[in-house]
Amino acid sequence: MLLKIAWILSLIGCLNLLQQPAPIQVVCFGDSITHGAEVDGHSWVWMLQQQHGNENLQFINAGRNGRKTADKQELLPILQQYPHASFYLIFLGVNDLKNASAHQVDSCVINMQWMIEHIRQVNTQAKIIILSPCNINLNTMSEINRKKQYNQHTQQALFALEQQYHQLARREKTGFVSLLHVVSPENYADGLHPNLSGQQQIADAIWKYLTRHFPQIFHT
């Protein structure tokens with residue numbers, strides 16, 4: 001009799017596990033700012049997971065230092081790993097814009113459209129959100145970043161890219177968050193990467209967008 005009761009309880013436990021919904025996954029595909037350069041990995045993704053994530057909501061860091069939109073093929077293994085994610089946030093562009101020209105801005109938009117199309121081929125239900133990159137601080141730009149040619153042309157291109165990403169989001173009916181003016185000038189660690197306070201400003205801006213547009217999923 002006791003064995004029968006134990007078997008029934010075990011079966012009920014298994015059924016409960018089967019009925020638990022899969023966690024909502026938010027895949028964050030980006031560069032060093034997403035990965036967490038200059039902040040020991042404590043990027044905006046880490047902050048969102050720490051402050052709002054739980055067993056039912058996961059913010060997944062798919063950032064890599066130095067990634068460009070031109071590295072768009074790197075999205076494919078991420079899609080294989082997380083094919084059923086509910087959200088894909090794409091935060092790329094600044095690494096393409098060293099000493100930038102209008103041509104480089106156009107290339108970013110073309111590459112972003114490619115990524116949108118490939119996400120939709122894998123996951124038709126996913127929400128895609130384009131994150132327009134942060135500005136840079138030329139006054140505090142480190143020597144190493146100056147040598148990499150993050151300069152006034154980069155800054156001008158970032159402003160142009162914000163507008164073109166916004167237009168792309170409208171055409172493709174994706175979400176859009178502009179981070180161009182989100183990070184305060186004093187909150188850049190090296191003129192390019194936000195410090196912890198700057199990363200928190202990014203996290204807050206993204207969370208505000210998510211709670212406003214998807215209140216049934218993201219609760220304040």
# chains A, B, ... in the order shown; residues from 1 in each chain; ligands from 1
call {"tool": "select_by_dssp", "arguments": {"residues": "segment 2-199 of chain A", "states": "strand (DSSP E)", "output": "PDB file with C-alpha atoms, in the first residue's frame"}}
result
ATOM      1  CA  ILE A  24      10.722  33.018 -21.240  1.00  0.00           C
ATOM      2  CA  GLN A  25      14.134  33.513 -22.831  1.00  0.00           C
ATOM      3  CA  VAL A  26      15.433  36.937 -23.841  1.00  0.00           C
ATOM      4  CA  VAL A  27      18.525  36.472 -26.008  1.00  0.00           C
ATOM      5  CA  CYS A  28      20.788  39.543 -26.063  1.00  0.00           C
ATOM      6  CA  PHE A  29      23.077  39.432 -29.122  1.00  0.00           C
ATOM      7  CA  GLY A  30      25.710  42.132 -29.095  1.00  0.00           C
ATOM      8  CA  LEU A  57      12.357  34.749 -17.084  1.00  0.00           C
ATOM      9  CA  GLN A  58      15.935  34.441 -18.348  1.00  0.00           C
ATOM     10  CA  PHE A  59      18.097  37.167 -19.868  1.00  0.00           C
ATOM     11  CA  ILE A  60      20.785  35.384 -21.892  1.00  0.00           C
ATOM     12  CA  ASN A  61      24.070  37.146 -22.639  1.00  0.00           C
ATOM     13  CA  ALA A  62      25.169  36.385 -26.203  1.00  0.00           C
ATOM     14  CA  GLY A  63      27.655  39.247 -26.430  1.00  0.00           C
ATOM     15  CA  PHE A  87      12.755  37.753 -27.563  1.00  0.00           C
ATOM     16  CA  TYR A  88      15.922  38.548 -29.490  1.00  0.00           C
ATOM     17  CA  LEU A  89      17.543  41.892 -28.672  1.00  0.00           C
ATOM     18  CA  ILE A  90      20.257  42.994 -31.126  1.00  0.00           C
ATOM     19  CA  PHE A  91      22.760  45.604 -29.923  1.00  0.00           C
ATOM     20  CA  LYS A 127       9.790  39.397 -30.854  1.00  0.00           C
ATOM     21  CA  ILE A 128      12.837  41.141 -32.307  1.00  0.00           C
ATOM     22  CA  ILE A 129      14.054  44.419 -30.841  1.00  0.00           C
ATOM     23  CA  ILE A 130      16.755  46.564 -32.436  1.00  0.00           C
ATOM     24  CA  LEU A 131      18.866  48.470 -29.917  1.00  0.00           C
ATOM     25  CA  SER A 132      20.470  51.532 -31.458  1.00  0.00           C
ATOM     26  CA  GLY A 175      10.755  46.773 -31.738  1.00  0.00           C
ATOM     27  CA  PHE A 176      13.217  49.634 -31.423  1.00  0.00           C
ATOM     28  CA  VAL A 177      15.035  51.204 -28.482  1.00  0.00           C
ATOM     29  CA  SER A 178      17.371  54.131 -29.000  1.00  0.00           C
TER      30      SER A 178
END
call {"tool": "closest_atom_pairs", "arguments": {"of": "segment 43-155 of chain A", "to": "segment 205-209 of chain A", "cutoff": "9 Å", "atoms": "only C-alpha atoms", "output": "JSON lines"}}
result
{"residue": "A:Trp44", "atom": "CA", "partner": "A:Ile206", "partner_atom": "CA", "distance": 8.8}
{"residue": "A:Leu48", "atom": "CA", "partner": "A:Trp207", "partner_atom": "CA", "distance": 7.5}
{"residue": "A:His52", "atom": "CA", "partner": "A:Trp207", "partner_atom": "CA", "distance": 8.8}
{"residue": "A:Leu131", "atom": "CA", "partner": "A:Ile206", "partner_atom": "CA", "distance": 8.7}
call {"tool": "atom_distance", "arguments": {"atom1": "atom CA of Ser86 of chain A", "atom2": "atom CA of Phe159 of chain A"}}
result
29.2 Å
call {"tool": "residues_around", "arguments": {"residues": "Leu196 of chain A", "least_positions_apart": "3", "cutoff": "12 Å", "atoms": "only C-alpha atoms", "output": "PyMOL selection string"}}
result
chain A and resi 33+36-47+183-184+186-189+193+199-203
call {"tool": "residues_around", "arguments": {"residues": "Gln167 of chain A", "least_positions_apart": "6", "cutoff": "10 Å", "atoms": "only C-alpha atoms", "output": "PyMOL selection string"}}
result
chain A and resi 109+161+173+176
call {"tool": "residues_around", "arguments": {"residues": "Asp106 of chain A", "least_positions_apart": "3", "cutoff": "12 Å", "atoms": "only C-alpha atoms", "output": "ChimeraX atom specification"}}
result
/A:69-70,93,96-97,100-103,109-113,157-158,160-165,168
call {"tool": "write_last_selection", "arguments": {"atoms": "C-alpha atoms", "output": "mmCIF file, in the first residue's frame"}}
result
data_model
loop_
_atom_site.group_PDB
_atom_site.id
_atom_site.type_symbol
_atom_site.label_atom_id
_atom_site.label_comp_id
_atom_site.auth_asym_id
_atom_site.auth_seq_id
_atom_site.Cartn_x
_atom_site.Cartn_y
_atom_site.Cartn_z
ATOM 1 C CA THR A 69 27.132 43.634 -37.649
ATOM 2 C CA ALA A 70 29.406 42.245 -40.376
ATOM 3 C CA GLY A 93 26.912 48.743 -34.847
ATOM 4 C CA ASP A 96 31.550 48.758 -37.709
ATOM 5 C CA LEU A 97 31.906 52.527 -37.483
ATOM 6 C CA ALA A 100 33.050 55.745 -40.410
ATOM 7 C CA SER A 101 31.456 56.807 -43.661
ATOM 8 C CA ALA A 102 27.884 56.729 -44.908
ATOM 9 C CA HIS A 103 28.687 53.440 -46.641
ATOM 10 C CA VAL A 109 21.442 48.355 -41.816
ATOM 11 C CA ILE A 110 21.808 45.655 -44.479
ATOM 12 C CA ASN A 111 23.429 43.310 -41.960
ATOM 13 C CA MET A 112 20.753 44.023 -39.367
ATOM 14 C CA GLN A 113 18.038 43.205 -41.889
ATOM 15 C CA ALA A 157 27.707 57.802 -38.000
ATOM 16 C CA LEU A 158 26.071 56.720 -34.728
ATOM 17 C CA ALA A 160 22.817 58.503 -38.678
ATOM 18 C CA LEU A 161 22.604 54.843 -37.686
ATOM 19 C CA GLU A 162 19.984 55.573 -35.038
ATOM 20 C CA GLN A 163 17.701 57.108 -37.666
ATOM 21 C CA GLN A 164 18.245 54.300 -40.152
ATOM 22 C CA TYR A 165 17.734 51.571 -37.548
ATOM 23 C CA LEU A 168 14.315 49.636 -40.538
#
call {"tool": "residues_around", "arguments": {"residues": "Ile119 of chain A", "least_positions_apart": "4", "cutoff": "9 Å", "atoms": "only C-alpha atoms", "output": "list in words"}}
result
Leu75, Leu76, Leu79, Pro83, Tyr88, Trp114, Met115, Asn123, Thr124, Ala126 and Ile128 of chain A
call {"tool": "write_last_selection", "arguments": {"atoms": "C-alpha atoms", "output": "PDB file, in the first residue's frame"}}
result
ATOM      1  CA  LEU A  75      23.992  34.688 -34.940  1.00  0.00           C
ATOM      2  CA  LEU A  76      23.331  31.277 -36.514  1.00  0.00           C
ATOM      3  CA  LEU A  79      19.698  30.555 -33.011  1.00  0.00           C
ATOM      4  CA  PRO A  83      15.554  28.414 -31.230  1.00  0.00           C
ATOM      5  CA  TYR A  88      15.922  38.548 -29.490  1.00  0.00           C
ATOM      6  CA  TRP A 114      19.815  39.913 -42.647  1.00  0.00           C
ATOM      7  CA  MET A 115      19.759  39.040 -38.943  1.00  0.00           C
ATOM      8  CA  ASN A 123      11.330  31.413 -34.961  1.00  0.00           C
ATOM      9  CA  THR A 124       8.280  33.064 -36.475  1.00  0.00           C
ATOM     10  CA  ALA A 126       9.756  35.696 -31.572  1.00  0.00           C
ATOM     11  CA  ILE A 128      12.837  41.141 -32.307  1.00  0.00           C
TER      12      ILE A 128
END
call {"tool": "select_by_dssp", "arguments": {"residues": "segment 97-133 of chain A", "states": "alpha helix (DSSP H)", "output": "MDAnalysis selection string"}}
result
chainID A and resid 102:122
call {"tool": "write_last_selection", "arguments": {"atoms": "C-alpha atoms", "output": "PDB file, in the first residue's frame"}}
result
ATOM      1  CA  ALA A 102      27.884  56.729 -44.908  1.00  0.00           C
ATOM      2  CA  HIS A 103      28.687  53.440 -46.641  1.00  0.00           C
ATOM      3  CA  GLN A 104      29.465  51.772 -43.324  1.00  0.00           C
ATOM      4  CA  VAL A 105      26.144  52.945 -41.885  1.00  0.00           C
ATOM      5  CA  ASP A 106      24.326  51.447 -44.860  1.00  0.00           C
ATOM      6  CA  SER A 107      26.195  48.168 -44.363  1.00  0.00           C
ATOM      7  CA  CYS A 108      25.060  48.027 -40.734  1.00  0.00           C
ATOM      8  CA  VAL A 109      21.442  48.355 -41.816  1.00  0.00           C
ATOM      9  CA  ILE A 110      21.808  45.655 -44.479  1.00  0.00           C
ATOM     10  CA  ASN A 111      23.429  43.310 -41.960  1.00  0.00           C
ATOM     11  CA  MET A 112      20.753  44.023 -39.367  1.00  0.00           C
ATOM     12  CA  GLN A 113      18.038  43.205 -41.889  1.00  0.00           C
ATOM     13  CA  TRP A 114      19.815  39.913 -42.647  1.00  0.00           C
ATOM     14  CA  MET A 115      19.759  39.040 -38.943  1.00  0.00           C
ATOM     15  CA  ILE A 116      16.065  39.863 -38.655  1.00  0.00           C
ATOM     16  CA  GLU A 117      15.265  37.640 -41.624  1.00  0.00           C
ATOM     17  CA  HIS A 118      17.244  34.704 -40.222  1.00  0.00           C
ATOM     18  CA  ILE A 119      15.636  34.951 -36.810  1.00  0.00           C
ATOM     19  CA  ARG A 120      12.237  34.828 -38.461  1.00  0.00           C
ATOM     20  CA  GLN A 121      13.215  31.789 -40.513  1.00  0.00           C
ATOM     21  CA  VAL A 122      13.934  29.919 -37.282  1.00  0.00           C
TER      22      VAL A 122
END
call {"tool": "atom_distance", "arguments": {"atom1": "atom CA of Arg64 of chain A", "atom2": "atom CA of Thr34 of chain A"}}
result
7.4 Å
call {"tool": "residues_around", "arguments": {"residues": "Leu179 of chain A", "least_positions_apart": "3", "cutoff": "6 Å", "atoms": "only C-alpha atoms", "output": "PyMOL selection string"}}
result
chain A and resi 132-134+182
call {"tool": "atom_distance", "arguments": {"atom1": "atom CA of Lys148 of chain A", "atom2": "atom CA of His166 of chain A"}}
result
27.1 Å
